[in-house]
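Notes follow the structure.
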Amino acid sequence: MILFFYNLTLLAVLIIGSPWWLWRMATVRKYRAGLRERLGNVPERLQHQERPVLWLHAVSVGEVLAVSRLVAELDKALPGHRLLISTTTATGQALARERFGADRVFYCPLDLPWAVHRYMQALQPRMLMLAETEFWPNMLSACFRRGIPVAVVNARVSDRSYPRYLRLRSLWRPFLERLSRVLAQTETDAARLKAIGCRPDRVSVAGNLKFDVRFPAEAEATRLLKGLVPNLRLIVAGSTLDGEEKALLQAWTKLLAVERNLLFVLAPRHPERFPAVEALLKASGFSWVKRSAWSAQSAEARELVRAGQIVLLDSIGELASIYSLASVAFVGGSLVPAGGHNPLEPAQFGVPVVMGPHYANFRAMTEDLLAHEAIRIAQKTDLAQALIELLQDRRSADWMGAQARQVFEAQSGATARCVDALRVLLTRTEEQTR
């Protein structure tokens, strides 16, 4: 009955909102990306698999990065199966194809009964794995009807979403109580998942997969920067959101006043904002360059990046590697009330990290870093001072970076725990169906 009313509501929303969606698809490219696949057109490359299929869904860039080591370990642990990976966003799709190979990456179907049905019929998955808490009623119901186990890896319930789940737990419980395995990031996440409807005996704490992510092969931008910026110190501001770039540019003025031998790498979180940030840089009066310009130039034509310049990192998937060059890193989404982004990306390199006060999406790991004095929290008004102090006091910065790396290393192991749990679940399910 709940599913019936969900689909009825979904249909009404699609009909009423169709003019807006059609306009967005006509004017914004990302809304058209993978549309045929989203509507249930299964790509030919995914059909007629020679081995039983395992389906892993990772929504966007953050989830793709989080599961990157898990994918590699599952490939090793389950060689008799074919692991396919779906994403929702275009940026996640691009990164997943780069990391895992385009032949096994696809856009997740919209949660429409016919679209989900076509993928289930074509793939016949032996198990569905969801990264974090990507719960879609039609997809879950399709698995339950077919006896396909559903596991959630890196499961978490944020401070922002927990009250909403609680209010609607009577609606969610029929779906969540049928999940086969829920591997939570923290004890807090596990308690919240049980409170909103997951069966307690199927929830356990495996840890955060992001602590196991190791920086992959050096990105092209990292190699280029090494050659273009001899003897310069880098400030890397990653995953920034609207309102943060302006604050960072104000801080940049103060940074240059105390140290000239600096380069500022600015990496907006969302590719669709690259033009807006470019316009902001044009109006700022600062000297700046775009990373994408280097790709269009021969090695001889590229000029050395000069002290005092800003590099706009308008590329996907290179930020994690570039953090390795930073003297100090700022992790965005935290000066504005957006919940913050992953501080572990720079922490793994022993880089001192500065964040704003809004880090609810990564509360557990940020508080762990804070407990070890491995991160500094700054308001907009004292952002420049926090960065200056870490640049000038190299001993404190080195110590903070070493603490951050130690926290990162100490928390590893979630991947192995997830692989063990998933292998047991798959084996038990396949034995029951023989």
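By order in the structure tokens, chains are A, B, ...; within a chain, residues start at 1; ligands start at 1, following the order shown.
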Legend entry - Exercise: Arg82 in chain A partners within 12 Å, only C-alpha atoms, chain neighbours under 4 positions left out, as a PyMOL selection string: chain A and resi 46-56+71-72+74-78+103-105+123-127
Inset, instruction - Would you kindly return, as a ChimeraX atom specification, each protein, DNA or RNA residue with an atom no farther than 12 Å from any atom of Trp114 in chain A, considering only C-alpha atoms and excluding same-chain residues fewer than 4 positions away? - result: /A:7,38-42,109-110,118-121,138-139,142
Could you save those same residues with C-alpha atoms as a tab-separated table (two decimals), in the first residue's frame?
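Written file, part-v1.tsv:
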```tsv
chain	number	residue	atom	x	y	z
A	7	ASN	CA	4.23	5.72	-7.03
A	38	ARG	CA	17.96	6.58	-16.42
A	39	LEU	CA	14.63	5.87	-18.12
A	40	GLY	CA	15.36	2.15	-18.38
A	41	ASN	CA	17.32	1.72	-21.61
A	42	VAL	CA	19.93	-0.83	-20.49
A	109	PRO	CA	17.71	4.16	-13.40
A	110	LEU	CA	15.23	6.63	-12.00
A	118	ARG	CA	14.23	-3.43	-17.04
A	119	TYR	CA	17.55	-3.26	-15.21
A	120	MET	CA	16.62	-6.07	-12.86
A	121	GLN	CA	15.58	-8.24	-15.80
A	138	ASN	CA	10.93	0.86	-6.09
A	139	MET	CA	14.50	-0.35	-6.33
A	142	ALA	CA	12.18	-4.96	-6.83
```
Legend entry - Surrounding residues of range 172-186 of chain A excluding itself and chain neighbours under 5 positions, 6 Å, only C-alpha atoms, as a PyMOL selection string: chain A and resi 149-156+197-199+202-208
Inset, instruction - Give the strand (DSSP E or B) residues of range 158-335 of chain A, as assigned by DSSP on the backbone, as a PyMOL selection string. - result: chain A and resi 181-184+203-205+233-240+262-268+288-290+310-312+326-331
Using only C-alpha atoms, please write the residues we just selected to a file, as a PDB file, in the first residue's frame.
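As a result, part_38.pdb now contains:
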```pdb
ATOM      1  CA  ARG A 181      23.051  -6.129   5.960  1.00  0.00           C
ATOM      2  CA  VAL A 182      23.761  -2.568   7.092  1.00  0.00           C
ATOM      3  CA  LEU A 183      27.417  -1.678   7.684  1.00  0.00           C
ATOM      4  CA  ALA A 184      27.487   1.653   9.512  1.00  0.00           C
ATOM      5  CA  VAL A 203      23.252  -3.545  11.680  1.00  0.00           C
ATOM      6  CA  SER A 204      26.919  -3.438  12.665  1.00  0.00           C
ATOM      7  CA  VAL A 205      29.717  -0.891  12.703  1.00  0.00           C
ATOM      8  CA  ARG A 233      54.246  26.980  -1.328  1.00  0.00           C
ATOM      9  CA  LEU A 234      50.675  25.942  -2.122  1.00  0.00           C
ATOM     10  CA  ILE A 235      47.414  26.758  -0.407  1.00  0.00           C
ATOM     11  CA  VAL A 236      44.802  24.295  -1.698  1.00  0.00           C
ATOM     12  CA  ALA A 237      41.121  25.116  -1.132  1.00  0.00           C
ATOM     13  CA  GLY A 238      39.014  22.119  -2.136  1.00  0.00           C
ATOM     14  CA  SER A 239      35.300  21.471  -2.654  1.00  0.00           C
ATOM     15  CA  THR A 240      34.320  25.115  -2.191  1.00  0.00           C
ATOM     16  CA  LEU A 262      52.553  31.424  -2.409  1.00  0.00           C
ATOM     17  CA  LEU A 263      50.304  29.819  -4.991  1.00  0.00           C
ATOM     18  CA  PHE A 264      46.583  29.385  -4.402  1.00  0.00           C
ATOM     19  CA  VAL A 265      44.753  26.385  -5.935  1.00  0.00           C
ATOM     20  CA  LEU A 266      40.988  26.882  -5.873  1.00  0.00           C
ATOM     21  CA  ALA A 267      38.771  23.847  -6.581  1.00  0.00           C
ATOM     22  CA  PRO A 268      34.994  24.481  -6.636  1.00  0.00           C
ATOM     23  CA  TRP A 288      44.991  33.670 -12.222  1.00  0.00           C
ATOM     24  CA  VAL A 289      45.058  30.757 -14.645  1.00  0.00           C
ATOM     25  CA  LYS A 290      42.766  27.834 -15.457  1.00  0.00           C
ATOM     26  CA  ILE A 310      45.558  31.599  -8.357  1.00  0.00           C
ATOM     27  CA  VAL A 311      44.965  28.330 -10.207  1.00  0.00           C
ATOM     28  CA  LEU A 312      41.308  27.523 -10.879  1.00  0.00           C
ATOM     29  CA  ALA A 326      49.747  21.617  -0.169  1.00  0.00           C
ATOM     30  CA  SER A 327      51.490  23.413   2.659  1.00  0.00           C
ATOM     31  CA  VAL A 328      48.026  24.081   4.108  1.00  0.00           C
ATOM     32  CA  ALA A 329      44.614  22.860   2.932  1.00  0.00           C
ATOM     33  CA  PHE A 330      41.167  24.357   3.351  1.00  0.00           C
ATOM     34  CA  VAL A 331      38.226  21.939   3.031  1.00  0.00           C
TER      35      VAL A 331
END
```
Contact table range 185-290 of chain A vs range 58-64 of chain A, cut-off 12 Å, shortest pair per residue, only C-alpha atoms, as CSV:
```
residue,atom,partner,partner_atom,distance
A:Asn208,CA,A:Glu63,CA,11.4
A:Leu209,CA,A:Glu63,CA,9.5
A:Lys210,CA,A:Glu63,CA,8.9
A:Val213,CA,A:Val64,CA,10.5
A:Ser239,CA,A:Gly62,CA,10.5
A:Arg269,CA,A:Val61,CA,9.8
A:His270,CA,A:Val61,CA,10.0
A:Pro271,CA,A:Val61,CA,11.4
```
Please save C-alpha atoms of the selected residues as a CSV table (one decimal), in the first residue's frame.
```csv
chain,number,residue,atom,x,y,z
A,208,ASN,CA,34.3,4.6,7.4
A,209,LEU,CA,35.5,3.5,4.0
A,210,LYS,CA,37.0,6.9,3.4
A,213,VAL,CA,41.0,5.4,0.4
A,239,SER,CA,35.3,21.5,-2.7
A,269,ARG,CA,32.9,21.5,-5.6
A,270,HIS,CA,30.5,21.5,-8.6
A,271,PRO,CA,31.6,21.7,-12.2
```
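For the atom pair formed by CA of Tyr162 in chain A and CA of Ile2 in chain A, the distance is 20.6 Å, given to one decimal.
Distances here use only C-alpha atoms; by that measure, the residue among A:Leu344, A:Val305, A:Leu232, A:Leu383 closest to Ala247 in chain A is A:Leu383.
Remark: for Glu272 in chain A, the closest of the candidate residues A:Ser170, A:Thr429, A:Ser315, A:Gln411 is A:Ser315 (distances computed over only C-alpha atoms).
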Legend entry - Test item: residues at most 10 Å from Arg376 in chain A, only C-alpha atoms, excluding those fewer than 3 positions along its chain, as a ChimeraX atom specification: /A:330,352-357,366,369-370,373,383,386-387,390,400
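Among the candidates A:Glu389, A:Pro230, A:Pro346, A:Phe144, the residue lying nearest to Gly401 in chain A is A:Pro346 (atoms considered: only C-alpha atoms).
A straight line drawn from CA of Phe286 in chain A to CA of Ala257 in chain A is 13.4 Å long.
From CA of Gly243 in chain A back to CA of Ser324 in chain A, the distance works out to 25.4 Å.
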